[in-house]
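Coordinates as given in final10.cif (mmCIF, C-alpha atoms and all ligand atoms):
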```cif
data_start
#
loop_
_atom_site.group_PDB
_atom_site.id
_atom_site.type_symbol
_atom_site.label_atom_id
_atom_site.label_comp_id
_atom_site.auth_asym_id
_atom_site.auth_seq_id
_atom_site.Cartn_x
_atom_site.Cartn_y
_atom_site.Cartn_z
ATOM 1 C CA MET A 1441 46.792 -65.716 -6.774
ATOM 2 C CA ILE A 1442 48.586 -62.557 -5.691
ATOM 3 C CA GLU A 1443 48.882 -61.941 -1.983
ATOM 4 C CA PHE A 1444 50.483 -59.030 -0.141
ATOM 5 C CA ARG A 1445 51.050 -59.921 3.516
ATOM 6 C CA ASP A 1446 51.710 -56.851 5.604
ATOM 7 C CA VAL A 1447 54.031 -55.441 2.976
ATOM 8 C CA THR A 1448 56.106 -52.322 3.598
ATOM 9 C CA LYS A 1449 58.513 -50.945 1.022
ATOM 10 C CA VAL A 1450 61.010 -48.284 1.998
ATOM 11 C CA TYR A 1451 63.400 -46.993 -0.652
ATOM 12 C CA GLY A 1452 66.683 -46.758 1.205
ATOM 13 C CA SER A 1453 68.203 -44.034 -0.963
ATOM 14 C CA ASN A 1454 65.778 -41.371 0.310
ATOM 15 C CA ASP A 1455 63.937 -43.187 3.106
ATOM 16 C CA THR A 1456 60.668 -42.958 1.195
ATOM 17 C CA HIS A 1457 57.916 -45.161 2.591
ATOM 18 C CA ALA A 1458 56.431 -46.091 -0.786
ATOM 19 C CA LEU A 1459 54.086 -48.753 0.649
ATOM 20 C CA GLU A 1460 53.062 -49.349 4.234
ATOM 21 C CA ASN A 1461 51.477 -52.452 5.727
ATOM 22 C CA VAL A 1462 49.650 -53.476 2.586
ATOM 23 C CA ASN A 1463 47.441 -56.556 2.869
ATOM 24 C CA ILE A 1464 45.735 -57.495 -0.379
ATOM 25 C CA LYS A 1465 44.590 -60.646 -2.135
ATOM 26 C CA ILE A 1466 43.928 -60.782 -5.864
ATOM 27 C CA GLU A 1467 42.341 -64.036 -6.968
ATOM 28 C CA ASP A 1468 43.073 -65.808 -10.250
ATOM 29 C CA GLY A 1469 40.908 -64.447 -13.043
ATOM 30 C CA GLU A 1470 40.250 -61.034 -11.522
ATOM 31 C CA PHE A 1471 40.571 -57.689 -13.326
ATOM 32 C CA VAL A 1472 41.798 -55.037 -10.918
ATOM 33 C CA PHE A 1473 42.337 -51.324 -11.410
ATOM 34 C CA ILE A 1474 44.971 -49.763 -9.159
ATOM 35 C CA VAL A 1475 44.390 -46.030 -8.795
ATOM 36 C CA GLY A 1476 45.831 -43.211 -6.729
ATOM 37 C CA SER A 1477 47.576 -39.899 -7.185
ATOM 38 C CA SER A 1478 51.129 -39.428 -8.383
ATOM 39 C CA GLY A 1479 53.705 -40.864 -5.992
ATOM 40 C CA ALA A 1480 51.080 -42.890 -4.101
ATOM 41 C CA GLY A 1481 52.958 -46.179 -4.560
ATOM 42 C CA LYS A 1482 51.159 -47.764 -7.526
ATOM 43 C CA SER A 1483 54.239 -48.596 -9.597
ATOM 44 C CA THR A 1484 55.957 -49.898 -6.487
ATOM 45 C CA PHE A 1485 52.976 -52.215 -5.971
ATOM 46 C CA LEU A 1486 53.480 -53.592 -9.501
ATOM 47 C CA LYS A 1487 57.260 -53.813 -9.117
ATOM 48 C CA LEU A 1488 56.800 -55.961 -6.034
ATOM 49 C CA ILE A 1489 54.521 -58.281 -8.010
ATOM 50 C CA MET A 1490 57.111 -58.485 -10.793
ATOM 51 C CA HIS A 1491 59.847 -59.058 -8.212
ATOM 52 C CA GLU A 1492 61.661 -56.038 -9.591
ATOM 53 C CA GLU A 1493 61.764 -54.742 -6.030
ATOM 54 C CA LYS A 1494 61.668 -56.722 -2.788
ATOM 55 C CA PRO A 1495 59.568 -55.778 0.230
ATOM 56 C CA THR A 1496 61.437 -54.172 3.121
ATOM 57 C CA SER A 1497 59.187 -56.226 5.385
ATOM 58 C CA GLY A 1498 56.277 -58.553 4.821
ATOM 59 C CA GLU A 1499 55.853 -60.937 1.931
ATOM 60 C CA VAL A 1500 54.465 -60.944 -1.601
ATOM 61 C CA ILE A 1501 53.288 -64.316 -2.879
ATOM 62 C CA VAL A 1502 52.425 -64.710 -6.556
ATOM 63 C CA ASN A 1503 51.283 -68.051 -7.942
ATOM 64 C CA GLY A 1504 53.103 -69.896 -5.201
ATOM 65 C CA TYR A 1505 56.344 -67.914 -5.499
ATOM 66 C CA ALA A 1506 57.129 -66.117 -2.218
ATOM 67 C CA SER A 1507 59.275 -62.968 -2.387
ATOM 68 C CA THR A 1508 61.149 -64.010 0.726
ATOM 69 C CA LYS A 1509 62.162 -67.355 -0.717
ATOM 70 C CA MET A 1510 62.688 -66.671 -4.396
ATOM 71 C CA LYS A 1511 66.222 -67.260 -5.632
ATOM 72 C CA LYS A 1512 67.771 -64.888 -8.139
ATOM 73 C CA ARG A 1513 68.006 -67.608 -10.775
ATOM 74 C CA GLN A 1514 64.261 -68.276 -10.437
ATOM 75 C CA VAL A 1515 63.278 -64.704 -11.297
ATOM 76 C CA PRO A 1516 63.440 -64.996 -15.124
ATOM 77 C CA TYR A 1517 61.286 -68.141 -15.021
ATOM 78 C CA TYR A 1518 58.896 -66.459 -12.645
ATOM 79 C CA ARG A 1519 58.530 -63.431 -14.965
ATOM 80 C CA ARG A 1520 57.676 -65.706 -17.871
ATOM 81 C CA THR A 1521 54.378 -66.423 -16.196
ATOM 82 C CA MET A 1522 53.395 -62.779 -16.646
ATOM 83 C CA GLY A 1523 52.990 -60.357 -19.524
ATOM 84 C CA ILE A 1524 54.005 -56.793 -18.798
ATOM 85 C CA VAL A 1525 52.760 -53.653 -20.561
ATOM 86 C CA PHE A 1526 54.204 -50.211 -19.864
ATOM 87 C CA GLN A 1527 52.988 -46.697 -20.591
ATOM 88 C CA ASP A 1528 55.976 -46.025 -22.872
ATOM 89 C CA PHE A 1529 55.440 -49.255 -24.864
ATOM 90 C CA ARG A 1530 59.115 -50.362 -24.648
ATOM 91 C CA ILE A 1531 59.129 -51.930 -28.052
ATOM 92 C CA ILE A 1532 62.401 -52.371 -29.912
ATOM 93 C CA PRO A 1533 62.744 -49.581 -32.520
ATOM 94 C CA LYS A 1534 64.941 -51.541 -34.926
ATOM 95 C CA MET A 1535 62.638 -54.543 -35.144
ATOM 96 C CA SER A 1536 59.484 -54.892 -37.206
ATOM 97 C CA VAL A 1537 56.139 -55.439 -35.491
ATOM 98 C CA TYR A 1538 56.397 -59.158 -36.244
ATOM 99 C CA ASP A 1539 59.914 -59.431 -34.848
ATOM 100 C CA ASN A 1540 59.073 -57.461 -31.727
ATOM 101 C CA VAL A 1541 56.417 -60.009 -30.871
ATOM 102 C CA ALA A 1542 58.459 -62.995 -32.073
ATOM 103 C CA PHE A 1543 61.378 -61.813 -29.954
ATOM 104 C CA ALA A 1544 59.456 -62.533 -26.743
ATOM 105 C CA MET A 1545 59.136 -66.142 -27.891
ATOM 106 C CA ARG A 1546 62.702 -66.425 -29.183
ATOM 107 C CA VAL A 1547 64.220 -65.379 -25.851
ATOM 108 C CA ILE A 1548 62.585 -68.316 -24.148
ATOM 109 C CA GLY A 1549 63.753 -70.715 -26.826
ATOM 110 C CA THR A 1550 60.497 -71.363 -28.686
ATOM 111 C CA LYS A 1551 60.921 -73.158 -32.004
ATOM 112 C CA GLU A 1552 60.584 -70.982 -35.146
ATOM 113 C CA LYS A 1553 57.848 -73.245 -36.466
ATOM 114 C CA GLU A 1554 55.707 -72.458 -33.460
ATOM 115 C CA ILE A 1555 56.595 -68.749 -33.603
ATOM 116 C CA ARG A 1556 55.442 -68.598 -37.239
ATOM 117 C CA LYS A 1557 52.089 -70.008 -36.194
ATOM 118 C CA ARG A 1558 51.592 -68.051 -33.013
ATOM 119 C CA VAL A 1559 52.717 -64.499 -33.906
ATOM 120 C CA PRO A 1560 50.246 -63.957 -36.787
ATOM 121 C CA TYR A 1561 47.501 -65.235 -34.529
ATOM 122 C CA ILE A 1562 48.345 -62.766 -31.758
ATOM 123 C CA LEU A 1563 48.735 -59.893 -34.243
ATOM 124 C CA GLN A 1564 45.294 -60.703 -35.527
ATOM 125 C CA LEU A 1565 43.983 -60.717 -31.973
ATOM 126 C CA VAL A 1566 45.191 -57.150 -31.375
ATOM 127 C CA GLY A 1567 44.126 -55.984 -34.850
ATOM 128 C CA LEU A 1568 47.620 -55.513 -36.303
ATOM 129 C CA SER A 1569 47.771 -58.183 -39.008
ATOM 130 C CA GLN A 1570 48.190 -55.531 -41.684
ATOM 131 C CA LYS A 1571 51.130 -53.947 -39.858
ATOM 132 C CA ALA A 1572 53.278 -57.033 -39.315
ATOM 133 C CA ARG A 1573 56.075 -55.713 -41.527
ATOM 134 C CA SER A 1574 55.907 -52.115 -40.286
ATOM 135 C CA MET A 1575 58.626 -50.606 -38.150
ATOM 136 C CA PRO A 1576 57.638 -49.015 -34.809
ATOM 137 C CA ASN A 1577 58.293 -45.455 -36.071
ATOM 138 C CA GLU A 1578 55.648 -46.028 -38.738
ATOM 139 C CA LEU A 1579 52.956 -46.744 -36.139
ATOM 140 C CA SER A 1580 50.579 -44.545 -34.139
ATOM 141 C CA GLY A 1581 50.805 -44.545 -30.336
ATOM 142 C CA GLY A 1582 47.793 -46.821 -30.075
ATOM 143 C CA GLU A 1583 49.306 -49.258 -32.558
ATOM 144 C CA GLN A 1584 52.606 -49.274 -30.682
ATOM 145 C CA GLN A 1585 50.762 -50.052 -27.482
ATOM 146 C CA ARG A 1586 48.972 -52.919 -29.210
ATOM 147 C CA VAL A 1587 52.382 -54.305 -30.278
ATOM 148 C CA SER A 1588 53.410 -54.122 -26.655
ATOM 149 C CA LEU A 1589 50.212 -55.898 -25.658
ATOM 150 C CA ALA A 1590 50.776 -58.566 -28.322
ATOM 151 C CA ARG A 1591 54.265 -59.140 -26.967
ATOM 152 C CA ALA A 1592 52.890 -59.443 -23.440
ATOM 153 C CA LEU A 1593 50.308 -61.980 -24.597
ATOM 154 C CA VAL A 1594 52.295 -64.112 -26.966
ATOM 155 C CA ASN A 1595 53.613 -66.542 -24.352
ATOM 156 C CA ASN A 1596 50.128 -67.096 -22.954
ATOM 157 C CA PRO A 1597 50.716 -65.622 -19.475
ATOM 158 C CA ASP A 1598 48.587 -66.299 -16.395
ATOM 159 C CA LEU A 1599 48.842 -62.653 -15.409
ATOM 160 C CA ILE A 1600 48.991 -59.328 -17.257
ATOM 161 C CA ILE A 1601 50.580 -56.408 -15.411
ATOM 162 C CA ALA A 1602 49.821 -53.094 -17.075
ATOM 163 C CA ASP A 1603 51.371 -49.868 -15.766
ATOM 164 C CA GLU A 1604 49.285 -47.046 -17.232
ATOM 165 C CA PRO A 1605 48.987 -48.765 -20.611
ATOM 166 C CA THR A 1606 46.714 -46.024 -21.916
ATOM 167 C CA GLY A 1607 48.834 -43.100 -20.721
ATOM 168 C CA ASN A 1608 50.186 -42.258 -24.164
ATOM 169 C CA VAL A 1609 47.222 -42.967 -26.406
ATOM 170 C CA ASP A 1610 44.050 -41.057 -27.258
ATOM 171 C CA PRO A 1611 40.776 -41.708 -25.367
ATOM 172 C CA GLU A 1612 39.262 -43.868 -28.094
ATOM 173 C CA MET A 1613 42.324 -46.087 -28.252
ATOM 174 C CA SER A 1614 42.463 -46.186 -24.428
ATOM 175 C CA HIS A 1615 38.982 -47.608 -24.475
ATOM 176 C CA GLU A 1616 39.930 -50.189 -27.109
ATOM 177 C CA ILE A 1617 42.987 -51.278 -25.156
ATOM 178 C CA VAL A 1618 41.001 -51.841 -21.975
ATOM 179 C CA GLU A 1619 38.339 -53.639 -23.995
ATOM 180 C CA LEU A 1620 41.044 -55.941 -25.309
ATOM 181 C CA LEU A 1621 42.351 -56.490 -21.780
ATOM 182 C CA THR A 1622 38.795 -57.281 -20.701
ATOM 183 C CA LYS A 1623 38.479 -59.941 -23.388
ATOM 184 C CA ILE A 1624 41.814 -61.428 -22.386
ATOM 185 C CA ASN A 1625 40.623 -61.408 -18.783
ATOM 186 C CA ASN A 1626 37.424 -63.166 -19.799
ATOM 187 C CA SER A 1627 39.530 -66.022 -21.090
ATOM 188 C CA GLY A 1628 40.880 -66.521 -17.560
ATOM 189 C CA THR A 1629 43.994 -64.314 -17.453
ATOM 190 C CA THR A 1630 44.332 -62.132 -14.358
ATOM 191 C CA VAL A 1631 44.784 -58.427 -15.187
ATOM 192 C CA VAL A 1632 46.239 -55.843 -12.804
ATOM 193 C CA MET A 1633 46.204 -52.380 -14.346
ATOM 194 C CA VAL A 1634 47.397 -49.071 -12.942
ATOM 195 C CA THR A 1635 45.559 -46.096 -14.370
ATOM 196 C CA HIS A 1636 45.007 -42.381 -13.844
ATOM 197 C CA GLU A 1637 42.033 -42.327 -16.176
ATOM 198 C CA HIS A 1638 38.813 -41.821 -14.300
ATOM 199 C CA ASP A 1639 36.674 -42.423 -17.350
ATOM 200 C CA LEU A 1640 38.074 -45.911 -17.836
ATOM 201 C CA VAL A 1641 37.446 -46.814 -14.214
ATOM 202 C CA ARG A 1642 33.912 -45.526 -14.542
ATOM 203 C CA THR A 1643 33.222 -47.298 -17.822
ATOM 204 C CA PHE A 1644 34.729 -50.702 -17.078
ATOM 205 C CA GLN A 1645 33.337 -51.397 -13.647
ATOM 206 C CA ARG A 1646 35.864 -53.687 -12.030
ATOM 207 C CA ARG A 1647 37.512 -54.127 -8.679
ATOM 208 C CA VAL A 1648 39.245 -50.870 -7.751
ATOM 209 C CA ILE A 1649 42.093 -50.675 -5.251
ATOM 210 C CA VAL A 1650 42.952 -47.127 -4.216
ATOM 211 C CA ILE A 1651 46.445 -46.437 -2.911
ATOM 212 C CA GLN A 1652 47.167 -43.152 -1.198
ATOM 213 C CA LYS A 1653 50.487 -42.261 0.397
ATOM 214 C CA GLY A 1654 51.540 -45.898 0.386
ATOM 215 C CA LYS A 1655 48.386 -47.214 2.019
ATOM 216 C CA VAL A 1656 45.403 -49.057 0.600
ATOM 217 C CA VAL A 1657 42.620 -46.625 1.474
ATOM 218 C CA SER A 1658 39.821 -48.277 -0.465
ATOM 219 C CA ASP A 1659 39.123 -51.629 -2.067
ATOM 220 C CA THR A 1660 35.901 -52.393 -3.877
ATOM 221 C CA PRO A 1661 35.873 -56.121 -4.712
ATOM 222 C CA ASP A 1662 32.354 -55.977 -6.050
ATOM 223 C CA PRO A 1663 32.378 -53.854 -9.190
ATOM 224 C CA THR A 1664 28.907 -52.571 -8.439
ATOM 225 C CA PHE A 1665 30.364 -50.687 -5.476
ATOM 226 C CA ALA A 1666 32.719 -48.752 -7.698
ATOM 227 C CA LYS A 1667 30.281 -45.953 -8.201
ATOM 228 C CA PHE A 1668 31.449 -42.418 -7.834
ATOM 229 C CA LYS A 1669 29.703 -39.894 -5.671
ATOM 230 C CA THR A 1670 29.637 -37.360 -8.464
ATOM 231 C CA LYS A 1671 28.539 -38.042 -12.019
ATOM 232 C CA GLU A 1672 31.178 -35.809 -13.539
ATOM 233 C CA THR A 1673 34.897 -35.894 -12.974
ATOM 234 C CA LYS A 1674 35.250 -32.748 -10.921
ATOM 235 C CA LYS A 1675 38.541 -33.003 -9.243
ATOM 236 C CA GLU A 1676 41.833 -34.739 -9.583
ATOM 237 C CA ASN A 1677 41.094 -37.238 -6.826
ATOM 238 C CA ASP A 1678 37.406 -37.893 -7.251
ATOM 239 C CA MET A 1679 37.978 -41.600 -7.645
ATOM 240 C CA PHE A 1680 38.771 -41.678 -3.945
ATOM 241 C CA TYR A 1681 35.170 -40.998 -3.100
ATOM 242 C CA PHE A 1682 32.987 -44.009 -3.604
ATOM 243 C CA GLU A 1683 29.400 -44.406 -2.553
ATOM 244 C CA GLN A 1684 30.381 -47.425 -0.571
ATOM 245 C CA ASN A 1685 33.719 -48.424 0.794
ATOM 246 C CA VAL A 1686 34.043 -52.096 1.600
ATOM 247 C CA LYS A 1687 37.642 -51.873 2.716
ATOM 248 C CA ASN A 1688 36.822 -52.980 6.222
ATOM 249 C CA GLU A 1689 34.511 -55.812 5.291
ATOM 250 C CA ASN A 1690 35.694 -59.345 5.429
ATOM 251 C CA LEU A 1691 37.164 -59.743 1.961
ATOM 252 C CA THR A 1692 37.025 -63.524 2.043
ATOM 253 C CA GLU A 1693 33.278 -63.353 2.415
ATOM 254 C CA VAL A 1694 33.020 -60.884 -0.414
ATOM 255 C CA PHE A 1695 35.031 -63.144 -2.673
ATOM 256 C CA GLU A 1696 32.872 -66.123 -1.784
ATOM 257 C CA ASP A 1697 29.819 -64.106 -2.745
ATOM 258 C CA LEU A 1698 31.445 -63.092 -5.991
ATOM 259 C CA GLU A 1699 32.284 -66.655 -6.894
ATOM 260 C CA GLU A 1700 28.751 -67.739 -6.215
ATOM 261 C CA SER A 1701 27.342 -64.962 -8.351
ATOM 262 C CA ASP A 1702 29.766 -65.894 -11.148
ATOM 263 C CA ALA A 1703 31.185 -62.376 -11.158
ATOM 264 C CA LEU A 1704 34.668 -63.832 -11.199
ATOM 265 C CA ASN A 1705 34.376 -65.379 -14.594
ATOM 266 C CA THR A 1706 37.272 -67.778 -14.596
ATOM 267 C CA ASP A 1707 35.414 -70.284 -16.682
ATOM 268 C CA GLY A 1708 34.180 -67.940 -19.344
ATOM 269 C CA ILE A 1709 36.215 -69.040 -22.329
ATOM 270 C CA ALA A 1710 33.557 -71.154 -23.974
ATOM 271 C CA SER A 1711 30.813 -68.572 -23.596
ATOM 272 C CA LEU A 1712 33.096 -65.838 -24.860
ATOM 273 C CA ALA A 1713 34.144 -67.854 -27.868
ATOM 274 C CA GLU A 1714 30.482 -68.352 -28.677
ATOM 275 C CA GLU A 1715 29.926 -64.598 -28.550
ATOM 276 C CA GLU A 1716 32.840 -63.992 -30.905
ATOM 277 C CA THR A 1717 31.125 -65.142 -34.029
ATOM 278 C CA GLU A 1718 32.493 -62.240 -36.020
ATOM 279 C CA GLY A 1719 35.629 -60.141 -35.926
ATOM 280 C CA THR A 1720 39.136 -61.360 -35.427
ATOM 281 C CA VAL A 1721 39.253 -62.364 -31.772
ATOM 282 C CA ASP A 1722 39.040 -66.018 -30.873
ATOM 283 C CA LEU A 1723 39.883 -66.337 -27.229
ATOM 284 C CA ASN A 1724 39.111 -70.017 -27.167
ATOM 285 C CA GLU A 1725 42.137 -70.529 -29.353
ATOM 286 C CA LEU A 1726 44.181 -68.072 -27.368
ATOM 287 C CA ALA A 1727 43.499 -70.055 -24.238
ATOM 288 C CA GLN A 1728 44.553 -73.227 -26.018
ATOM 289 C CA GLY A 1729 47.847 -71.727 -27.102
ATOM 290 C CA GLY A 1730 46.912 -70.098 -30.390
ATOM 291 C CA GLU A 1731 46.620 -73.165 -32.599
ATOM 292 C CA GLN A 1732 44.717 -72.283 -35.726
HETATM 293 N N1 LIG B 1 63.814 -46.361 -6.960
HETATM 294 C C1 LIG B 1 63.354 -45.458 -6.099
HETATM 295 N N2 LIG B 1 64.178 -44.890 -5.197
HETATM 296 C C2 LIG B 1 63.726 -43.996 -4.307
HETATM 297 N N3 LIG B 1 62.435 -43.589 -4.216
HETATM 298 C C3 LIG B 1 61.561 -44.122 -5.092
HETATM 299 C C4 LIG B 1 61.966 -45.077 -6.076
HETATM 300 N N4 LIG B 1 60.885 -45.429 -6.805
HETATM 301 C C5 LIG B 1 59.839 -44.733 -6.292
HETATM 302 N N5 LIG B 1 60.231 -43.949 -5.276
HETATM 303 C C6 LIG B 1 59.375 -43.086 -4.447
HETATM 304 O O1 LIG B 1 58.381 -43.904 -3.872
HETATM 305 C C7 LIG B 1 57.107 -43.244 -3.889
HETATM 306 C C8 LIG B 1 56.094 -44.080 -4.654
HETATM 307 O O2 LIG B 1 56.513 -44.129 -6.012
HETATM 308 P P1 LIG B 1 55.701 -44.918 -7.148
HETATM 309 O O3 LIG B 1 56.497 -44.813 -8.397
HETATM 310 O O4 LIG B 1 55.370 -46.260 -6.654
HETATM 311 O O5 LIG B 1 54.372 -44.027 -7.238
HETATM 312 P P2 LIG B 1 53.190 -44.027 -8.307
HETATM 313 O O6 LIG B 1 51.929 -44.071 -7.542
HETATM 314 O O7 LIG B 1 53.422 -45.103 -9.308
HETATM 315 O O8 LIG B 1 53.368 -42.608 -8.989
HETATM 316 P P3 LIG B 1 53.039 -42.108 -10.497
HETATM 317 O O9 LIG B 1 51.554 -42.162 -10.659
HETATM 318 O O10 LIG B 1 53.555 -40.707 -10.504
HETATM 319 O O11 LIG B 1 53.781 -43.022 -11.437
HETATM 320 C C9 LIG B 1 57.365 -41.866 -4.485
HETATM 321 O O12 LIG B 1 57.552 -40.954 -3.424
HETATM 322 C C10 LIG B 1 58.642 -42.045 -5.271
HETATM 323 O O13 LIG B 1 59.371 -40.840 -5.334
#
```
How does this structure look as structure tokens?
Amino acid sequence: MIEFRDVTKVYGSNDTHALENVNIKIEDGEFVFIVGSSGAGKSTFLKLIMHEEKPTSGEVIVNGYASTKMKKRQVPYYRRTMGIVFQDFRIIPKMSVYDNVAFAMRVIGTKEKEIRKRVPYILQLVGLSQKARSMPNELSGGEQQRVSLARALVNNPDLIIADEPTGNVDPEMSHEIVELLTKINNSGTTVVMVTHEHDLVRTFQRRVIVIQKGKVVSDTPDPTFAKFKTKETKKENDMFYFEQNVKNENLTEVFEDLEESDALNTDGIASLAEEETEGTVDLNELAQGGEQ
């Protein structure tokens, strides 16, 4: 679980209040979109989760690790529990697709035998089996982002943090990437994704947290609330205007309702695996560590 307890983040260099008094809970197995205009504080929100930045006041607790108590030497171990995907891919140009993904396993000391089993499986999962030997400069933007996603997934994280993962790919590929994230989420992995793309938020109806000027101005835990007032995207900020804003409702109650209605599908691996009778994705195996 991710919990922000009255978190304020002020960047000392320019006294910018990037986040102010944020209180948020994200339960295990959720898929959450974080939206808001440029400079609103979205990346800061993710950096606090990753422990790349520390709160100025308040506390961020992720899977039992509290920001106020975490020791520097614990941070690398803590980050291993999450897979991180960035807008600019951040793959290593001099390594092949295979080695880029294998690298994430090598740095944590995984045995080569296991790497040789796991990497082809993950490349198959993201549809890049045919590109294993390619170098990054031989790939399209969408393919590079899928390498980045494969690298984020290969160590079987509990949590995927994605900072505008579709920012540099075309709309069709954006859709495919979020679809892939949805499947990963259905196997139990929590996904927190920052996006500017209204169409994705409209299409994949999930919890939407809106941050504006450092404050959470809207939170729609039930995806059915994430309906926009207008059918068309008319203005830059139209995702701020929902038909219903449940920000002030008791979120605990909402979550209880969600659990009862099975909307938080944390136990969906078996049913998903049954659905995947064709194609390359077998999330049952992913959840079990990629044994084939
Ligand atoms: N390291 C930093 N030092 C000083 N100010 C910073 C730093 N990082 C971010 N800020 C400021 O904090 C505010 C929030 O930035 P943040 O990057 O979290 O916004 P964002 O919502 O992710 O924006 P964008 O959509 O443009 O990426 C901005 O005013 C930004 O200029």
Checklist line | Protein and nucleic acid residues within 10 Å of ligand LIG 1 (chain B) (only C-alpha atoms and all ligand atoms) as a PyMOL selection string | finding: chain A and resi 1449-1459+1474-1488+1493+1527+1603-1604+1634-1636+1651-1654
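Across the structure, atom CA of Ile1466 of chain A and atom CA of Asp1639 of chain A are spaced 22.8 Å apart.
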Going by the chain IDs and residue numbers used in this file, which residues fall under the PyMOL selection byres (((chain A and resi 1584-1586) around 12) and not hetatm)? Write them as a CSV table (one decimal) with C-alpha atoms, in the coordinates of the input.
```csv
chain,number,residue,atom,x,y,z
A,1524,ILE,CA,54.0,-56.8,-18.8
A,1525,VAL,CA,52.8,-53.7,-20.6
A,1526,PHE,CA,54.2,-50.2,-19.9
A,1527,GLN,CA,53.0,-46.7,-20.6
A,1528,ASP,CA,56.0,-46.0,-22.9
A,1529,PHE,CA,55.4,-49.3,-24.9
A,1530,ARG,CA,59.1,-50.4,-24.6
A,1531,ILE,CA,59.1,-51.9,-28.1
A,1532,ILE,CA,62.4,-52.4,-29.9
A,1533,PRO,CA,62.7,-49.6,-32.5
A,1536,SER,CA,59.5,-54.9,-37.2
A,1537,VAL,CA,56.1,-55.4,-35.5
A,1538,TYR,CA,56.4,-59.2,-36.2
A,1540,ASN,CA,59.1,-57.5,-31.7
A,1541,VAL,CA,56.4,-60.0,-30.9
A,1562,ILE,CA,48.3,-62.8,-31.8
A,1563,LEU,CA,48.7,-59.9,-34.2
A,1564,GLN,CA,45.3,-60.7,-35.5
A,1565,LEU,CA,44.0,-60.7,-32.0
A,1566,VAL,CA,45.2,-57.2,-31.4
A,1567,GLY,CA,44.1,-56.0,-34.8
A,1568,LEU,CA,47.6,-55.5,-36.3
A,1569,SER,CA,47.8,-58.2,-39.0
A,1571,LYS,CA,51.1,-53.9,-39.9
A,1572,ALA,CA,53.3,-57.0,-39.3
A,1574,SER,CA,55.9,-52.1,-40.3
A,1575,MET,CA,58.6,-50.6,-38.2
A,1576,PRO,CA,57.6,-49.0,-34.8
A,1577,ASN,CA,58.3,-45.5,-36.1
A,1578,GLU,CA,55.6,-46.0,-38.7
A,1579,LEU,CA,53.0,-46.7,-36.1
A,1580,SER,CA,50.6,-44.5,-34.1
A,1581,GLY,CA,50.8,-44.5,-30.3
A,1582,GLY,CA,47.8,-46.8,-30.1
A,1583,GLU,CA,49.3,-49.3,-32.6
A,1587,VAL,CA,52.4,-54.3,-30.3
A,1588,SER,CA,53.4,-54.1,-26.7
A,1589,LEU,CA,50.2,-55.9,-25.7
A,1590,ALA,CA,50.8,-58.6,-28.3
A,1591,ARG,CA,54.3,-59.1,-27.0
A,1592,ALA,CA,52.9,-59.4,-23.4
A,1593,LEU,CA,50.3,-62.0,-24.6
A,1594,VAL,CA,52.3,-64.1,-27.0
A,1602,ALA,CA,49.8,-53.1,-17.1
A,1603,ASP,CA,51.4,-49.9,-15.8
A,1604,GLU,CA,49.3,-47.0,-17.2
A,1605,PRO,CA,49.0,-48.8,-20.6
A,1606,THR,CA,46.7,-46.0,-21.9
A,1607,GLY,CA,48.8,-43.1,-20.7
A,1608,ASN,CA,50.2,-42.3,-24.2
A,1609,VAL,CA,47.2,-43.0,-26.4
A,1610,ASP,CA,44.0,-41.1,-27.3
A,1613,MET,CA,42.3,-46.1,-28.3
A,1614,SER,CA,42.5,-46.2,-24.4
A,1616,GLU,CA,39.9,-50.2,-27.1
A,1617,ILE,CA,43.0,-51.3,-25.2
A,1618,VAL,CA,41.0,-51.8,-22.0
A,1619,GLU,CA,38.3,-53.6,-24.0
A,1620,LEU,CA,41.0,-55.9,-25.3
A,1621,LEU,CA,42.4,-56.5,-21.8
```
Notebook entry, point to check: In Å to one decimal, how far is atom CA of Val1547 of chain A from atom CA of Gln1514 of chain A?
Noted result: 15.7 Å
Axis-aligned box for all listed atoms of segment 1484-1500 of chain A, 4 Å per side, centre and edges in Å to one decimal, as lines of an AutoDock Vina configuration file:
```
center_x = 57.4
center_y = -55.4
center_z = -2.7
size_x = 16.8
size_y = 19.0
size_z = 24.2
```
Next item on the list: Report as a PyMOL selection string the full result of the PyMOL selection byres (((chain A and resi 1515) around 12) and not hetatm) when it is applied to this structure.
Entry: chain A and resi 1489-1494+1502+1505-1507+1509-1514+1516-1522
Next item on the list: One decimal, Å: what's the distance from atom CA of Ile1601 of chain A over to atom CA of Val1656 of chain A, could you say?
Entry: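 Answer for the atom CA of Ile1601 of chain A to atom CA of Val1656 of chain A separation: 18.4 Å.
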Checklist line | Proximity to Asn1596 of chain A - best of A:Ile1464, A:Met1545, A:Ile1442, A:Met1535, only C-alpha atoms | finding: A:Met1545
Note to self: From the options A:Lys1623, A:Lys1557, A:Lys1655, A:His1615, which residue's atoms come nearest to Leu1640 of chain A, counting only C-alpha atoms?
What the structure shows: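 Among A:Lys1623, A:Lys1557, A:Lys1655, A:His1615, it is A:His1615 that comes nearest to Leu1640 of chain A.
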Notebook entry, point to check: Which is closest to Ile1624 of chain A among A:Lys1551, A:Asp1446, A:Val1641, A:Gly1523, if we use all atoms listed in the file?
Noted result: A:Gly1523
Margin query: Using all atoms listed in the file, can you tell me which of A:Gly1504, A:Gly1469, A:Pro1560, A:Pro1495 comes closest to Val1631 of chain A?
Written below: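 For Val1631 of chain A, the nearest of the given residues is A:Gly1469.
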